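Written out below as structure tokens is the structure these notes cover.
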Number of protein chains: 2
Amino acid sequence: MALNRYSNADKILLAVDSIIFGFDKAGLKILLIKRDFEPELGKWSLMGGFLKEDENLDEAAIRILQHLTGLRTIYMEQLYTFSKVDRDPVERTLSVAYYALIDIAMHDKELINTSAQWFSLDKAPHLIFDHNQMVEKAIARLKRRALSKPIGFELLPPKFTMRQLQKLYESILDKKLDKRNFINKINSFGILVRLDEKDTNASKKGAYLYTFDKVKYDEKVLEGFNFKI
Amino acid sequence: MALNRYSNADKILLAVDSIIFGFDKAGLKILLIKRDFEPELGKWSLMGGFLKEDENLDEAAIRILQHLTGLRTIYMEQLYTFSKVDRDPVERTLSVAYYALIDIAMHDKELINTSAQWFSLDKAPHLIFDHNQMVEKAIARLKRRALSKPIGFELLPPKFTMRQLQKLYESILDKKLDKRNFINKINSFGILVRLDEKDTNASKKGAYLYTFDKVKYDEKVLEGFNFKI
DNA sequence: CCAAAAGTGTTGAATATACACCCATGC
DNA sequence: GCATGGGTGTATATTCAACACTTTTGG
């Protein structure tokens with residue numbers, strides 16, 4: 001009778017779709033790809049594929065992303081599982097959405113051999129199925145996360161300027177921040193180390209480069225951030 | 001070739017498991033049930049069952065909960081999808097976890113005809129499969145939610161006292177709060193209405209009853225709470 | 001009359017916000 | 001020499017956190 005319960009149950013297709021947020025000088029972007037099979041062939045879509053019997057969801061998300069775009073060593077987080085009965089016109093398919101944040105310039109070389117393309121959030125095209133809904137949910141989650149802990153480890157290059165970090169927050173929260181208050185706030189956590197190097201890409205004077213102090217950051221995470229900005 | 005992509009993909013069993021938190025005078029509890037089929041027959045478990053082909057996850061969570069416990073009209077929220085390859089020893093099964101918060105006394109009469117039983121969080125038994133992990137994640141989520149918006153609509157009876165609301169928060173956050181500060185904070189939102197009635201169950205003097213002002217509450221949710229307590 | 005829970009405000013500390021000028025450099 | 005982006009501090013307003021006594025009434 002054990003087997004009855006299991007064998008009477010319906011088996012269902014499981015997709016994994018990933019929302020990849022990227023950040024560069026111009027702000028926050030999203031990575032989309034032209035779907036290469038029917039239905040909706042040629043339409044814009046998230047990076048998606050099917051879960052295999054012998055892998056878990058995290059593994060599938062990584063495998064699919066790498067296969068479609070070349071991107072690797074990206075930290076992805078599970079977002080939500082979408083299950084509307086008719087969300088896929090071909091066959092009943094659930095989709096588990098994942099999302100990630102990356103530094104566009106840093107992963108530039110990996111991104112190869114594909115129709116994948118970055119879009120700024122306000123210029124993104126209409127997507128297949130319920131993918132637009134997934135993106136909306138991911139943006140909301142990203143905002144909430146940005147307010148509850150300093151993001152940046154995954155998103156910024158190892159060395160970055162205060163202004164880059166501020167721009168990142170401004171992109172995510174979609175509002176301007178005061179640079180003095182921002183710096184004071186960030187410094188009050190004591191999780192950044194100012195290096196002696198300067199970055200002269202964006203200015204003639206040059207801006208100090210910072211790195212995260214991983215040890216202090218982890219301590220802070222444990223005791224709980226109070227990150228309101 | 002469209003069909004190839006789909007038909008080559010593995011189909012997988014999908015379970016839905018629900019963590020039901022309940023609240024009464026004694027504090028926060030969790031509802032567990034004795035599993036009635038193999039494997040692990042007779043062990044304690046979350047309320048679980050399999051997703052059917054013609055329903056979405058929300059519907060399945062409600063159906064399964066009602067079937068196993070009699071509970072109905074409960075608002076459940078999706079928590080996370082668990083996918084470790086060997087999480088179920090019989091067959092590859094993913095499980096989408098849901099959670100909910102209810103007032104124990106209020107749903108007392110619905111809860112029938114089952115081996116379901118309330119446990120306080122610290123006295124809960126060991127659960128089957130990865131269900132303990134699910135519970136931990138649900139507790140963490142509940143705490144975070146309690147800090148970002150006033151919960152209570154789903155959890156408290158229509159009329160409640162300040163002390164009940166405070167106890168609820170204390171249970172969830174697992175710490176004592178100052179009653180004056182708590183009341184001041186809650187009142188500053190302007191989402192509660194004090195009734196002329198008093199509740200004399202817990203005291204001789206009697207405590208004012210309150211209800212949520214749904215309209216003001218919804219306004220507040222839109223403009224964004226700042227609920228740090 | 002007394003035990004038990006309810007109700008009620010103020011103050012100091014901490015945190016958030018608003019705000020403007022000088023600096024260094026490449027062109 | 002000037003245009004561009006970088007860096008820096010203070011004063012005010014807001015919010016948080018700590019704290020103790022009086023009220024009511026059933027027994």
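Residue numbering restarts at 1 in every chain; chains get A, B, ... in the order shown in the structure tokens, and ligands count up from 1 in that same order.
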Exercise. Out of range 1-119 of chain B, which residues get alpha helix (DSSP H) from DSSP, as a list in words?
Worked result: Ala2, Leu3, Asn4, Arg5, Tyr6, Ser7, Asn8, Leu57, Asp58, Glu59, Ala60, Ala61, Ile62, Arg63, Ile64, Leu65, Gln66, His67, Leu68 and Thr69 of chain B
Exercise. DT25 in chain C: which residues within 10 Å, counting only C-alpha atoms (C1' of nucleotides), same-chain residues fewer than 4 positions away excluded, as a VMD selection string?
Worked result: (chain A and resid 200 203 to 206) or (chain D and resid 4)
Next, dump the selected residues to file, keeping only N, CA and C atoms (P, O5', C5', C4', C3', O3' and C1' of nucleotides), as a tab-separated table (two decimals), in the first residue's frame.
```tsv
chain	number	residue	atom	x	y	z
A	200	THR	N	40.63	55.20	-11.39
A	200	THR	CA	40.57	56.46	-12.14
A	200	THR	C	39.74	56.33	-13.40
A	203	SER	N	36.76	59.04	-12.94
A	203	SER	CA	37.06	60.43	-12.61
A	203	SER	C	38.55	60.70	-12.75
A	204	LYS	N	38.87	61.95	-12.84
A	204	LYS	CA	40.26	62.33	-12.99
A	204	LYS	C	40.99	62.27	-11.66
A	205	LYS	N	40.27	62.62	-10.62
A	205	LYS	CA	40.87	62.61	-9.30
A	205	LYS	C	41.16	61.19	-8.82
A	206	GLY	N	40.27	60.27	-9.20
A	206	GLY	CA	40.39	58.90	-8.73
A	206	GLY	C	39.59	58.68	-7.47
D	4	DT	P	31.35	69.18	-17.28
D	4	DT	O5'	32.03	68.02	-16.42
D	4	DT	C5'	33.08	67.22	-16.99
D	4	DT	C4'	33.54	66.24	-15.94
D	4	DT	C3'	32.40	65.71	-15.07
D	4	DT	O3'	32.47	64.30	-15.01
D	4	DT	C1'	34.17	66.54	-13.72
```
Counting only C-alpha atoms, give me one row per residue of chain A with an atom at most 6 Å from an atom of chain B, showing the shortest contact pair and its distance in Å to one decimal, sorted by chain then residue number, as a Markdown table.
```
| residue | atom | partner | partner_atom | distance |
| --- | --- | --- | --- | --- |
| A:Ala2 | CA | B:Glu38 | CA | 4.6 |
| A:Asp10 | CA | B:Lys52 | CA | 5.7 |
| A:Lys11 | CA | B:Leu13 | CA | 4.7 |
| A:Ile12 | CA | B:Lys11 | CA | 4.8 |
| A:Leu13 | CA | B:Lys11 | CA | 4.7 |
| A:Phe37 | CA | B:Ala2 | CA | 5.8 |
| A:Glu38 | CA | B:Ala2 | CA | 4.6 |
| A:Lys52 | CA | B:Asp10 | CA | 5.7 |
| A:Glu53 | CA | B:Asp10 | CA | 6.0 |
| A:Asn56 | CA | B:Ser83 | CA | 5.1 |
| A:Leu57 | CA | B:Ser83 | CA | 6.0 |
| A:Ser83 | CA | B:Asn56 | CA | 5.1 |
| A:Lys84 | CA | B:Asn56 | CA | 5.3 |
| A:Val85 | CA | B:Asn56 | CA | 5.8 |
```
Hey, can you spit out that residue selection with N, CA and C atoms as a compact mmCIF listing (two decimals), in the first residue's frame?
```txt
# COMPACT_ATOMS: atom_id res chain seq x y z
N ALA A 2 2.10 1.10 0.49
CA ALA A 2 3.00 2.24 0.38
C ALA A 2 3.13 2.64 -1.08
N ASP A 10 0.21 11.73 -9.65
CA ASP A 10 0.59 12.21 -10.98
C ASP A 10 2.04 12.66 -11.01
N LYS A 11 2.70 12.33 -12.10
CA LYS A 11 4.06 12.85 -12.28
C LYS A 11 4.00 14.02 -13.24
N ILE A 12 4.82 14.98 -12.98
CA ILE A 12 4.67 16.26 -13.66
C ILE A 12 6.02 16.79 -14.11
N LEU A 13 6.01 17.54 -15.20
CA LEU A 13 7.26 18.15 -15.67
C LEU A 13 7.64 19.33 -14.78
N PHE A 37 13.19 26.88 -29.14
CA PHE A 37 12.33 25.74 -29.52
C PHE A 37 10.87 26.14 -29.38
N GLU A 38 10.03 25.37 -29.98
CA GLU A 38 8.59 25.65 -29.96
C GLU A 38 7.99 25.19 -28.64
N LYS A 52 16.23 17.38 -14.16
CA LYS A 52 16.47 15.95 -14.43
C LYS A 52 16.29 15.14 -13.16
N GLU A 53 16.04 13.91 -13.37
CA GLU A 53 15.76 12.97 -12.29
C GLU A 53 16.87 12.94 -11.24
N ASN A 56 19.33 18.06 -8.03
CA ASN A 56 18.38 18.89 -7.30
C ASN A 56 18.20 20.23 -8.02
N LEU A 57 17.35 21.07 -7.48
CA LEU A 57 16.98 22.29 -8.21
C LEU A 57 18.15 23.26 -8.33
N SER A 83 2.84 27.54 -10.58
CA SER A 83 2.16 26.26 -10.81
C SER A 83 0.80 26.38 -11.46
N LYS A 84 0.49 27.53 -12.06
CA LYS A 84 -0.82 27.64 -12.70
C LYS A 84 -0.99 26.48 -13.68
N VAL A 85 -2.18 25.92 -13.72
CA VAL A 85 -2.38 24.69 -14.50
C VAL A 85 -2.08 24.90 -15.98
```
Exercise. Which neighbours of DA18 in chain C fall inside 10 Å, counting only C-alpha atoms (C1' of nucleotides), when residues of the same chain fewer than 5 positions from it are skipped, and could you give them as a ChimeraX atom specification?
Worked result: /A:178,181 /D:11-13
For this session: Select residues of chain C: the criterion is any atom within 12 Å of an atom of chain B, counting only C-alpha atoms (C1' of nucleotides); output as a VMD selection string.
Result: chain C and resid 3 to 10
For this session: Provide as a ChimeraX atom specification the residues of chain D at most 10 Å from chain B, counting only C-alpha atoms (C1' of nucleotides).
Result: /D:16-19,23-27
